[in-house]
$ cat structure.cif   # mmCIF, C-alpha atoms (C1' of nucleotides)
data_my_file
loop_
_atom_site.group_PDB
_atom_site.id
_atom_site.type_symbol
_atom_site.label_atom_id
_atom_site.label_comp_id
_atom_site.auth_asym_id
_atom_site.auth_seq_id
_atom_site.Cartn_x
_atom_site.Cartn_y
_atom_site.Cartn_z
ATOM 1 C CA MET A 6 125.094 19.422 94.279
ATOM 2 C CA LYS A 7 122.086 17.158 94.219
ATOM 3 C CA MET A 8 121.039 14.738 96.879
ATOM 4 C CA SER A 9 120.775 11.398 95.102
ATOM 5 C CA SER A 10 117.586 9.383 94.856
ATOM 6 C CA LYS A 11 119.323 6.761 96.907
ATOM 7 C CA ALA A 12 119.723 9.218 99.754
ATOM 8 C CA ARG A 13 116.137 10.385 99.554
ATOM 9 C CA TYR A 14 114.787 6.858 99.370
ATOM 10 C CA GLY A 15 116.935 5.771 102.262
ATOM 11 C CA LEU A 16 115.595 8.587 104.360
ATOM 12 C CA TYR A 17 111.999 7.792 103.409
ATOM 13 C CA ALA A 18 112.503 4.191 104.409
ATOM 14 C CA ALA A 19 114.075 5.239 107.690
ATOM 15 C CA VAL A 20 111.091 7.464 108.413
ATOM 16 C CA GLU A 21 108.735 4.557 107.803
ATOM 17 C CA LEU A 22 110.739 2.425 110.190
ATOM 18 C CA ALA A 23 110.591 5.264 112.696
ATOM 19 C CA LYS A 24 106.803 5.342 112.488
ATOM 20 C CA ASN A 25 106.784 1.620 113.153
ATOM 21 C CA TYR A 26 109.280 1.683 115.983
ATOM 22 C CA ASP A 27 106.986 1.375 119.020
ATOM 23 C CA LYS A 28 105.164 -1.601 117.544
ATOM 24 C CA GLU A 29 108.349 -3.578 118.035
ATOM 25 C CA GLU A 30 107.802 -5.658 114.941
ATOM 26 C CA TYR A 31 109.795 -6.033 111.780
ATOM 27 C CA LEU A 32 108.759 -4.328 108.546
ATOM 28 C CA ASN A 33 109.569 -6.216 105.399
ATOM 29 C CA VAL A 34 110.814 -4.709 102.195
ATOM 30 C CA THR A 35 107.460 -5.158 100.482
ATOM 31 C CA ALA A 36 105.766 -2.946 103.043
ATOM 32 C CA LEU A 37 108.567 -0.390 102.825
ATOM 33 C CA SER A 38 108.360 -0.438 99.066
ATOM 34 C CA GLN A 39 104.643 0.257 99.148
ATOM 35 C CA ALA A 40 105.028 3.040 101.682
ATOM 36 C CA THR A 41 107.826 4.790 99.844
ATOM 37 C CA GLY A 42 107.083 3.998 96.214
ATOM 38 C CA VAL A 43 110.565 2.622 95.645
ATOM 39 C CA THR A 44 111.040 -0.775 94.017
ATOM 40 C CA GLU A 45 111.776 -3.629 96.380
ATOM 41 C CA LYS A 46 115.045 -4.657 94.843
ATOM 42 C CA TYR A 47 116.450 -1.165 94.904
ATOM 43 C CA LEU A 48 115.295 -0.608 98.470
ATOM 44 C CA GLU A 49 117.037 -3.789 99.544
ATOM 45 C CA GLN A 50 120.326 -2.358 98.388
ATOM 46 C CA ILE A 51 119.753 0.943 100.089
ATOM 47 C CA ILE A 52 118.686 -0.615 103.367
ATOM 48 C CA ALA A 53 121.804 -2.773 103.244
ATOM 49 C CA LEU A 54 123.833 0.428 103.567
ATOM 50 C CA MET A 55 121.881 1.446 106.640
ATOM 51 C CA LYS A 56 122.351 -1.989 108.092
ATOM 52 C CA LYS A 57 126.082 -1.727 107.550
ATOM 53 C CA ALA A 58 126.024 1.544 109.457
ATOM 54 C CA ASN A 59 124.136 -0.189 112.253
ATOM 55 C CA ILE A 60 121.097 2.024 111.868
ATOM 56 C CA VAL A 61 118.753 -0.842 111.106
ATOM 57 C CA SER A 62 118.802 -4.512 112.016
ATOM 58 C CA ALA A 63 117.166 -7.348 110.153
ATOM 59 C CA THR A 64 115.896 -10.852 110.532
ATOM 60 C CA ARG A 65 115.756 -13.193 107.592
ATOM 61 C CA GLY A 66 113.345 -15.865 106.614
ATOM 62 C CA ALA A 67 109.578 -15.864 106.743
ATOM 63 C CA THR A 68 108.179 -13.020 108.889
ATOM 64 C CA GLY A 69 111.561 -11.386 108.568
ATOM 65 C CA GLY A 70 112.134 -7.704 107.987
ATOM 66 C CA TYR A 71 113.813 -4.583 109.292
ATOM 67 C CA LYS A 72 113.638 -2.323 112.290
ATOM 68 C CA LEU A 73 115.679 0.520 113.718
ATOM 69 C CA THR A 74 118.434 -0.455 116.121
ATOM 70 C CA ASP A 75 117.588 2.452 118.401
ATOM 71 C CA SER A 76 114.795 4.892 119.142
ATOM 72 C CA PRO A 77 114.197 7.272 116.231
ATOM 73 C CA ASN A 78 114.673 10.047 118.752
ATOM 74 C CA ASN A 79 118.302 9.083 118.907
ATOM 75 C CA ILE A 80 118.890 8.714 115.188
ATOM 76 C CA SER A 81 119.666 11.865 113.270
ATOM 77 C CA VAL A 82 118.867 12.514 109.662
ATOM 78 C CA GLY A 83 122.540 13.253 109.169
ATOM 79 C CA ARG A 84 123.520 9.800 110.302
ATOM 80 C CA VAL A 85 121.090 8.214 107.869
ATOM 81 C CA LEU A 86 122.169 10.343 104.936
ATOM 82 C CA ARG A 87 125.852 9.806 105.610
ATOM 83 C CA ALA A 88 125.281 6.064 105.649
ATOM 84 C CA VAL A 89 123.512 6.087 102.339
ATOM 85 C CA GLU A 90 125.144 8.945 100.453
ATOM 86 C CA ASP A 91 128.845 8.197 100.543
ATOM 87 C CA ASN A 92 129.403 10.189 103.746
ATOM 88 C CA LEU A 93 127.832 13.300 102.227
ATOM 89 C CA GLU A 94 131.266 14.338 100.986
ATOM 90 C CA ILE A 95 130.798 17.506 98.986
ATOM 91 C CA VAL A 96 134.230 17.424 97.358
ATOM 92 C CA ASP A 97 136.633 14.543 96.912
ATOM 93 C CA CYS A 98 139.694 16.531 97.825
ATOM 94 C CA LEU A 99 138.731 17.081 101.453
ATOM 95 C CA HIS A 100 139.376 13.723 102.973
ATOM 96 C CA SER A 101 141.616 12.224 100.326
ATOM 97 C CA GLU A 102 144.519 13.624 98.377
ATOM 98 C CA CYS A 103 144.076 16.967 96.695
ATOM 99 C CA ALA A 104 145.945 17.719 93.491
ATOM 100 C CA GLN A 105 146.703 21.207 94.732
ATOM 101 C CA ARG A 106 148.068 19.913 98.040
ATOM 102 C CA GLY A 107 147.008 22.527 100.502
ATOM 103 C CA LYS A 108 147.403 25.401 98.107
ATOM 104 C CA CYS A 109 143.739 25.268 97.237
ATOM 105 C CA ALA A 110 141.996 28.531 98.023
ATOM 106 C CA ALA A 111 138.734 26.830 98.752
ATOM 107 C CA ARG A 112 139.799 23.952 100.948
ATOM 108 C CA ASN A 113 138.773 25.655 104.162
ATOM 109 C CA LEU A 114 135.525 26.688 102.551
ATOM 110 C CA TRP A 115 134.612 23.122 101.671
ATOM 111 C CA GLY A 116 135.487 21.996 105.154
ATOM 112 C CA LYS A 117 133.316 24.602 106.802
ATOM 113 C CA LEU A 118 130.470 23.985 104.399
ATOM 114 C CA TYR A 119 130.681 20.294 105.162
ATOM 115 C CA ASP A 120 130.569 21.002 108.897
ATOM 116 C CA ASN A 121 127.648 23.324 108.411
ATOM 117 C CA ILE A 122 125.599 20.803 106.470
ATOM 118 C CA ASN A 123 126.274 17.980 108.873
ATOM 119 C CA GLY A 124 125.801 20.225 111.861
ATOM 120 C CA TYR A 125 122.319 21.035 110.719
ATOM 121 C CA LEU A 126 121.366 17.535 109.662
ATOM 122 C CA ASP A 127 122.496 16.179 112.997
ATOM 123 C CA THR A 128 120.040 18.394 114.847
ATOM 124 C CA VAL A 129 117.062 16.750 113.160
ATOM 125 C CA SER A 130 115.897 13.347 114.388
ATOM 126 C CA LEU A 131 113.896 10.728 112.558
ATOM 127 C CA THR A 132 111.104 11.295 115.052
ATOM 128 C CA GLN A 133 110.899 14.926 114.051
ATOM 129 C CA LEU A 134 110.645 13.967 110.412
ATOM 130 C CA ALA A 135 108.109 11.260 111.108
ATOM 131 C CA GLU A 136 105.940 13.728 113.010
ATOM 132 C CA ASP A 137 106.562 16.473 110.471
ATOM 133 C CA ASN A 138 107.800 18.573 113.331
ATOM 134 C CA ILE A 139 110.484 20.539 111.555
ATOM 135 C CA MET B 24 125.874 15.380 97.015
ATOM 136 C CA LYS B 25 129.059 16.426 95.301
ATOM 137 C CA MET B 26 129.993 19.890 94.214
ATOM 138 C CA SER B 27 130.732 19.560 90.498
ATOM 139 C CA SER B 28 134.079 20.361 88.921
ATOM 140 C CA LYS B 29 132.329 23.137 87.098
ATOM 141 C CA ALA B 30 131.401 24.767 90.371
ATOM 142 C CA ARG B 31 134.869 24.403 91.801
ATOM 143 C CA TYR B 32 136.506 25.690 88.654
ATOM 144 C CA GLY B 33 134.145 28.620 88.492
ATOM 145 C CA LEU B 34 135.012 29.555 92.036
ATOM 146 C CA TYR B 35 138.738 29.227 91.378
ATOM 147 C CA ALA B 36 138.437 31.522 88.377
ATOM 148 C CA ALA B 37 136.420 34.009 90.394
ATOM 149 C CA VAL B 38 139.106 34.028 93.062
ATOM 150 C CA GLU B 39 141.754 34.769 90.442
ATOM 151 C CA LEU B 40 139.659 37.628 89.142
ATOM 152 C CA ALA B 41 139.288 38.840 92.714
ATOM 153 C CA LYS B 42 143.052 38.917 93.165
ATOM 154 C CA ASN B 43 143.311 40.965 90.005
ATOM 155 C CA TYR B 44 140.500 43.358 90.821
ATOM 156 C CA ASP B 45 142.432 46.425 91.953
ATOM 157 C CA LYS B 46 144.668 46.374 88.884
ATOM 158 C CA GLU B 47 141.610 47.352 86.889
ATOM 159 C CA GLU B 48 142.662 45.332 83.887
ATOM 160 C CA TYR B 49 141.104 42.424 82.098
ATOM 161 C CA LEU B 50 142.369 38.881 82.566
ATOM 162 C CA ASN B 51 142.062 36.663 79.530
ATOM 163 C CA VAL B 52 141.089 33.046 79.567
ATOM 164 C CA THR B 53 144.656 31.906 78.911
ATOM 165 C CA ALA B 54 145.843 33.531 82.108
ATOM 166 C CA LEU B 55 142.903 32.136 84.052
ATOM 167 C CA SER B 56 143.539 28.712 82.623
ATOM 168 C CA GLN B 57 147.161 28.786 83.743
ATOM 169 C CA ALA B 58 146.268 30.013 87.194
ATOM 170 C CA THR B 59 143.554 27.443 87.771
ATOM 171 C CA GLY B 60 144.756 24.463 85.769
ATOM 172 C CA VAL B 61 141.500 24.213 83.871
ATOM 173 C CA THR B 62 141.495 24.009 80.079
ATOM 174 C CA GLU B 63 140.738 27.237 78.281
ATOM 175 C CA LYS B 64 137.742 26.000 76.388
ATOM 176 C CA TYR B 65 136.067 24.575 79.445
ATOM 177 C CA LEU B 66 136.750 27.730 81.412
ATOM 178 C CA GLU B 67 135.179 29.833 78.699
ATOM 179 C CA GLN B 68 131.932 27.976 79.172
ATOM 180 C CA ILE B 69 132.033 28.286 82.910
ATOM 181 C CA ILE B 70 132.837 31.978 82.825
ATOM 182 C CA ALA B 71 129.949 32.467 80.431
ATOM 183 C CA LEU B 72 127.645 31.378 83.237
ATOM 184 C CA MET B 73 129.120 33.942 85.569
ATOM 185 C CA LYS B 74 128.789 36.568 82.904
ATOM 186 C CA LYS B 75 125.136 35.696 82.475
ATOM 187 C CA ALA B 76 124.695 36.192 86.221
ATOM 188 C CA ASN B 77 126.394 39.555 85.911
ATOM 189 C CA ILE B 78 129.256 38.584 88.163
ATOM 190 C CA VAL B 79 131.900 39.167 85.524
ATOM 191 C CA SER B 80 132.046 41.416 82.495
ATOM 192 C CA ALA B 81 134.107 40.929 79.369
ATOM 193 C CA THR B 82 135.610 42.735 76.409
ATOM 194 C CA ARG B 83 136.274 40.934 73.182
ATOM 195 C CA GLY B 84 139.041 41.181 70.646
ATOM 196 C CA ALA B 85 142.757 41.594 71.179
ATOM 197 C CA THR B 86 143.624 42.619 74.760
ATOM 198 C CA GLY B 87 140.170 41.408 75.724
ATOM 199 C CA GLY B 88 139.364 39.431 78.836
ATOM 200 C CA TYR B 89 137.307 39.314 81.967
ATOM 201 C CA LYS B 90 136.910 41.203 85.207
ATOM 202 C CA LEU B 91 134.516 41.258 88.120
ATOM 203 C CA THR B 92 131.603 43.651 87.808
ATOM 204 C CA ASP B 93 131.935 44.671 91.446
ATOM 205 C CA SER B 94 134.411 44.614 94.299
ATOM 206 C CA PRO B 95 135.149 41.061 95.456
ATOM 207 C CA ASN B 96 134.160 42.279 98.901
ATOM 208 C CA ASN B 97 130.624 42.517 97.636
ATOM 209 C CA ILE B 98 130.496 39.201 95.819
ATOM 210 C CA SER B 99 129.704 36.154 97.898
ATOM 211 C CA VAL B 100 130.856 32.647 97.242
ATOM 212 C CA GLY B 101 127.199 31.634 97.282
ATOM 213 C CA ARG B 102 126.390 33.951 94.421
ATOM 214 C CA VAL B 103 129.213 32.516 92.339
ATOM 215 C CA LEU B 104 128.302 28.907 93.058
ATOM 216 C CA ARG B 105 124.614 29.465 92.388
ATOM 217 C CA ALA B 106 125.499 31.009 89.035
ATOM 218 C CA VAL B 107 127.622 28.074 88.020
ATOM 219 C CA GLU B 108 125.988 25.107 89.738
ATOM 220 C CA ASP B 109 122.369 25.210 88.643
ATOM 221 C CA ASN B 110 121.280 27.314 91.617
ATOM 222 C CA LEU B 111 122.765 24.829 94.081
ATOM 223 C CA GLU B 112 119.421 23.023 94.179
ATOM 224 C CA ILE B 113 119.861 20.004 96.388
ATOM 225 C CA VAL B 114 116.652 18.286 95.317
ATOM 226 C CA ASP B 115 114.555 18.788 92.213
ATOM 227 C CA CYS B 116 111.257 18.620 94.019
ATOM 228 C CA LEU B 117 111.736 21.791 96.033
ATOM 229 C CA HIS B 118 111.169 24.442 93.446
ATOM 230 C CA SER B 119 109.396 22.398 90.820
ATOM 231 C CA GLU B 120 106.664 19.816 91.012
ATOM 232 C CA CYS B 121 107.007 17.024 93.535
ATOM 233 C CA ALA B 122 105.458 13.651 92.815
ATOM 234 C CA GLN B 123 104.285 13.391 96.399
ATOM 235 C CA ARG B 124 102.668 16.831 96.287
ATOM 236 C CA GLY B 125 103.236 18.201 99.720
ATOM 237 C CA LYS B 126 102.883 14.849 101.438
ATOM 238 C CA CYS B 127 106.631 14.367 101.406
ATOM 239 C CA ALA B 128 108.027 13.962 104.908
ATOM 240 C CA ALA B 129 111.318 15.525 103.973
ATOM 241 C CA ARG B 130 110.216 18.585 102.056
ATOM 242 C CA ASN B 131 110.741 20.959 104.943
ATOM 243 C CA LEU B 132 114.057 19.341 105.651
ATOM 244 C CA TRP B 133 115.337 19.984 102.153
ATOM 245 C CA GLY B 134 114.153 23.551 102.340
ATOM 246 C CA LYS B 135 115.927 24.223 105.591
ATOM 247 C CA LEU B 136 119.060 22.474 104.441
ATOM 248 C CA TYR B 137 119.047 24.598 101.312
ATOM 249 C CA ASP B 138 118.673 27.761 103.378
ATOM 250 C CA ASN B 139 121.455 26.630 105.670
ATOM 251 C CA ILE B 140 123.886 25.996 102.852
ATOM 252 C CA ASN B 141 123.164 29.238 101.098
ATOM 253 C CA GLY B 142 123.110 31.163 104.333
ATOM 254 C CA TYR B 143 126.639 30.078 105.058
ATOM 255 C CA LEU B 144 127.970 30.508 101.547
ATOM 256 C CA ASP B 145 126.576 34.020 101.433
ATOM 257 C CA THR B 146 128.618 35.038 104.449
ATOM 258 C CA VAL B 147 131.894 34.362 102.666
ATOM 259 C CA SER B 148 133.189 36.888 100.135
ATOM 260 C CA LEU B 149 135.581 36.360 97.279
ATOM 261 C CA THR B 150 138.017 38.645 99.076
ATOM 262 C CA GLN B 151 138.052 36.347 102.059
ATOM 263 C CA LEU B 152 138.796 33.379 99.838
ATOM 264 C CA ALA B 153 141.454 35.257 97.893
ATOM 265 C CA GLU B 154 143.171 36.211 101.143
ATOM 266 C CA ASP B 155 142.643 32.776 102.648
ATOM 267 C CA ASN B 156 140.909 34.517 105.520
ATOM 268 C CA ILE B 157 138.327 31.905 106.321
ATOM 269 C "C1'" DA C 14 144.823 43.358 56.770
ATOM 270 C "C1'" DC C 15 146.163 40.679 60.716
ATOM 271 C "C1'" DT C 16 146.116 38.897 65.121
ATOM 272 C "C1'" DA C 17 144.146 38.002 69.519
ATOM 273 C "C1'" DT C 18 140.500 37.466 71.921
ATOM 274 C "C1'" DT C 19 135.414 36.389 73.439
ATOM 275 C "C1'" DC C 20 131.064 34.082 72.106
ATOM 276 C "C1'" DA C 21 128.043 30.359 70.527
ATOM 277 C "C1'" DT C 22 127.080 25.805 69.734
ATOM 278 C "C1'" DA C 23 127.761 20.995 68.562
ATOM 279 C "C1'" DG C 24 129.841 16.695 69.547
ATOM 280 C "C1'" DT C 25 131.725 12.916 72.577
ATOM 281 C "C1'" DA C 26 134.010 9.547 75.802
ATOM 282 C "C1'" DA C 27 133.811 8.205 80.427
ATOM 283 C "C1'" DA C 28 131.612 8.002 84.692
ATOM 284 C "C1'" DT C 29 127.596 7.884 87.492
ATOM 285 C "C1'" DT C 30 122.908 6.994 88.523
ATOM 286 C "C1'" DG C 31 119.084 4.376 89.074
ATOM 287 C "C1'" DG C 32 117.706 0.776 88.623
ATOM 288 C "C1'" DT C 33 116.714 -4.806 87.064
ATOM 289 C "C1'" DA C 34 117.733 -9.754 87.603
ATOM 290 C "C1'" DG C 35 118.885 -14.203 89.458
ATOM 291 C "C1'" DG C 36 119.621 -16.964 92.906
ATOM 292 C "C1'" DA C 37 121.724 -18.448 97.448
ATOM 293 C "C1'" DA C 38 121.002 -18.435 102.523
ATOM 294 C "C1'" DT C 39 117.937 -18.297 106.302
ATOM 295 C "C1'" DT C 40 113.782 -18.756 109.040
ATOM 296 C "C1'" DA C 41 108.902 -19.925 110.245
ATOM 297 C "C1'" DC C 42 105.182 -22.865 109.772
ATOM 298 C "C1'" DT C 43 102.711 -27.108 108.813
ATOM 299 C "C1'" DA D 10 110.887 -32.886 106.058
ATOM 300 C "C1'" DG D 11 109.047 -29.770 102.971
ATOM 301 C "C1'" DT D 12 107.415 -25.386 101.533
ATOM 302 C "C1'" DA D 13 106.876 -20.562 101.467
ATOM 303 C "C1'" DA D 14 108.562 -16.129 102.631
ATOM 304 C "C1'" DT D 15 111.955 -13.431 103.454
ATOM 305 C "C1'" DT D 16 116.874 -11.150 103.536
ATOM 306 C "C1'" DC D 17 121.416 -11.179 101.380
ATOM 307 C "C1'" DC D 18 124.780 -11.064 97.646
ATOM 308 C "C1'" DT D 19 126.395 -9.835 93.306
ATOM 309 C "C1'" DA D 20 126.264 -9.108 88.433
ATOM 310 C "C1'" DC D 21 124.440 -6.581 84.784
ATOM 311 C "C1'" DC D 22 122.486 -2.670 82.067
ATOM 312 C "C1'" DA D 23 120.291 1.549 79.975
ATOM 313 C "C1'" DA D 24 119.887 6.331 80.384
ATOM 314 C "C1'" DT D 25 121.698 10.428 81.994
ATOM 315 C "C1'" DT D 26 125.152 13.537 83.338
ATOM 316 C "C1'" DT D 27 129.733 15.239 83.493
ATOM 317 C "C1'" DA D 28 133.690 17.009 81.834
ATOM 318 C "C1'" DC D 29 135.455 18.109 78.530
ATOM 319 C "C1'" DT D 30 137.024 18.848 72.974
ATOM 320 C "C1'" DA D 31 136.242 21.109 68.568
ATOM 321 C "C1'" DT D 32 134.913 24.420 65.201
ATOM 322 C "C1'" DG D 33 134.202 28.611 63.765
ATOM 323 C "C1'" DA D 34 131.864 33.194 63.896
ATOM 324 C "C1'" DA D 35 131.993 37.932 65.888
ATOM 325 C "C1'" DT D 36 134.706 41.590 67.745
ATOM 326 C "C1'" DA D 37 138.451 44.676 68.840
ATOM 327 C "C1'" DG D 38 143.180 46.472 68.927
ATOM 328 C "C1'" DT D 39 147.530 47.468 66.104
#
$ encode --input "structure.cif" --output "structure tokens"
Amino acid sequence: MKMSSKARYGLYAAVELAKNYDKEEYLNVTALSQATGVTEKYLEQIIALMKKANIVSATRGATGGYKLTDSPNNISVGRVLRAVEDNLEIVDCLHSECAQRGKCAARNLWGKLYDNINGYLDTVSLTQLAEDNI
Amino acid sequence: MKMSSKARYGLYAAVELAKNYDKEEYLNVTALSQATGVTEKYLEQIIALMKKANIVSATRGATGGYKLTDSPNNISVGRVLRAVEDNLEIVDCLHSECAQRGKCAARNLWGKLYDNINGYLDTVSLTQLAEDNI
DNA sequence: ACTATTCATAGTAAATTGGTAGGAATTACT
DNA sequence: AGTAATTCCTACCAATTTACTATGAATAGT
């Protein structure tokens, strides 16, 4: 039940973008790599997932880079982690087919645990993380 | 952030033992294997972890088997999962050394998430799961 | 003795993780 | 137009982890 590096790195990058949000300029992957300690090429892949989820936008070419699509106040940690970490699914059987087909004693448990985790993570914004106000 | 098969299987076995608790007899690994659909040899290893955590006790030899050490009312799902799933640690850096040494923006987040998960899982007893009362 | 069981430990194939690598597409600047 | 800086796309790969299988010793009942 470990959060993957990918998820952690994605969150770190998002926090950096949050810190940069009011400057209204794009941060490139080199800057993000230096701030987070993650290699550029790996970060590119992770940020691509956030872009797909419409959390960040990008411009290409020279002076290109990334920024958040919305104020970090309005972006929850849960949204970021779900984008990067395969929807935060804690068991496969919840949203796909389960071998036990409804007879599983723990199905409700997994569902409630999932709701609990996401419920908490959705109460924390990127701003809070960026300001260490948590 | 997936719950491992080991954790799920351990919980399923614990639920079977819970159902059997009032009979005051030992269930052997063959019976548990049939009830859960997990191979005997793998289950043995998983149950060993629960034994180590003093959740189940065993007798060896013919007519041997396993039973819970306490009423399933008093055993939480959290306790079972922590025994089987490496303490349910969601990040390595929380209880060991962190490369960023306290400067990590997300450290508090991981701590609170961990507390949240365990807080919920500790409110659910094996009895509740066994009776699908959840 | 014999049989049924737990206990301990070693091995292993497949999947996943955590990257690296190469280069095409795009944009800004001179 | 040309060049440099960037994102985007996709393939590859090594190390680790997972999910078992296998073997056999120790123990207990009949």
$ closest_atom_pairs --input "structure.cif" --of "chain C" --to "chain A" --cutoff "12 Å" --atoms "all atoms listed in the file" --output "Markdown table"
| residue | atom | partner | partner_atom | distance |
| --- | --- | --- | --- | --- |
| C:DT29 | C1' | A:Ser9 | CA | 10.8 |
| C:DT30 | C1' | A:Ser9 | CA | 8.2 |
| C:DG31 | C1' | A:Ser10 | CA | 7.8 |
| C:DG32 | C1' | A:Tyr47 | CA | 6.7 |
| C:DT33 | C1' | A:Lys46 | CA | 8.0 |
| C:DA34 | C1' | A:Lys46 | CA | 9.3 |
| C:DG35 | C1' | A:Lys46 | CA | 11.6 |
| C:DA38 | C1' | A:Arg65 | CA | 9.0 |
| C:DT39 | C1' | A:Gly66 | CA | 5.2 |
| C:DT40 | C1' | A:Gly66 | CA | 3.8 |
| C:DA41 | C1' | A:Ala67 | CA | 5.4 |
| C:DC42 | C1' | A:Ala67 | CA | 8.8 |
$ atom_distance --input "structure.cif" --atom1 "atom C1' of C:DG24" --atom2 "atom CA of B:Gly60"
23.4 Å
$ resolve_selection --input "structure.cif" --expression "the PyMOL selection byres ((chain D) within 9 of (chain B))" --output "list in words"
DT27, DA28, DC29, DT30, DA35, DT36, DA37 and DG38 of chain D
$ interface_residues --input "structure.cif" --of "chain B" --to "chain A" --cutoff "9 Å" --atoms "all atoms listed in the file" --output "PyMOL selection string"
chain B and resi 24-28+31+34-35+38+108-109+111-115+127-129+131-132+135-136+139-140+143-144+147+152-155+157
$ residues_around --input "structure.cif" --residues "D:DG33" --least-positions-apart "2" --cutoff "10 Å" --atoms "only C-alpha atoms (C1' of nucleotides)" --output "PyMOL selection string"
(chain C and resi 21-22) or (chain D and resi 31+35)
$ atom_distance --input "structure.cif" --atom1 "atom CA of A:Gln50" --atom2 "atom CA of A:Gly15"
9.6 Å
$ resolve_selection --input "structure.cif" --expression "the PyMOL selection byres ((chain D and resi 11) around 12)" --output "PyMOL selection string"
(chain C and resi 42-43) or (chain D and resi 10+12-13)
$ resolve_selection --input "structure.cif" --expression "the PyMOL selection byres ((chain A and resi 24-29) around 12)" --output "PyMOL selection string"
(chain A and resi 17-23+30-33+36-37+40+61+70-78+80+131-137) or (chain B and resi 128)
$ atom_distance --input "structure.cif" --atom1 "atom CA of B:Ser148" --atom2 "atom CA of A:Asp127"
26.6 Å
$ axis_aligned_box --input "structure.cif" --around "stretch 14-31 of chain D" --padding-each-side "6 Å" --output "AutoDock Vina command-line options"
--center_x 122.8 --center_y 2.5 --center_z 86.1 --size_x 40.5 --size_y 49.2 --size_z 47.0
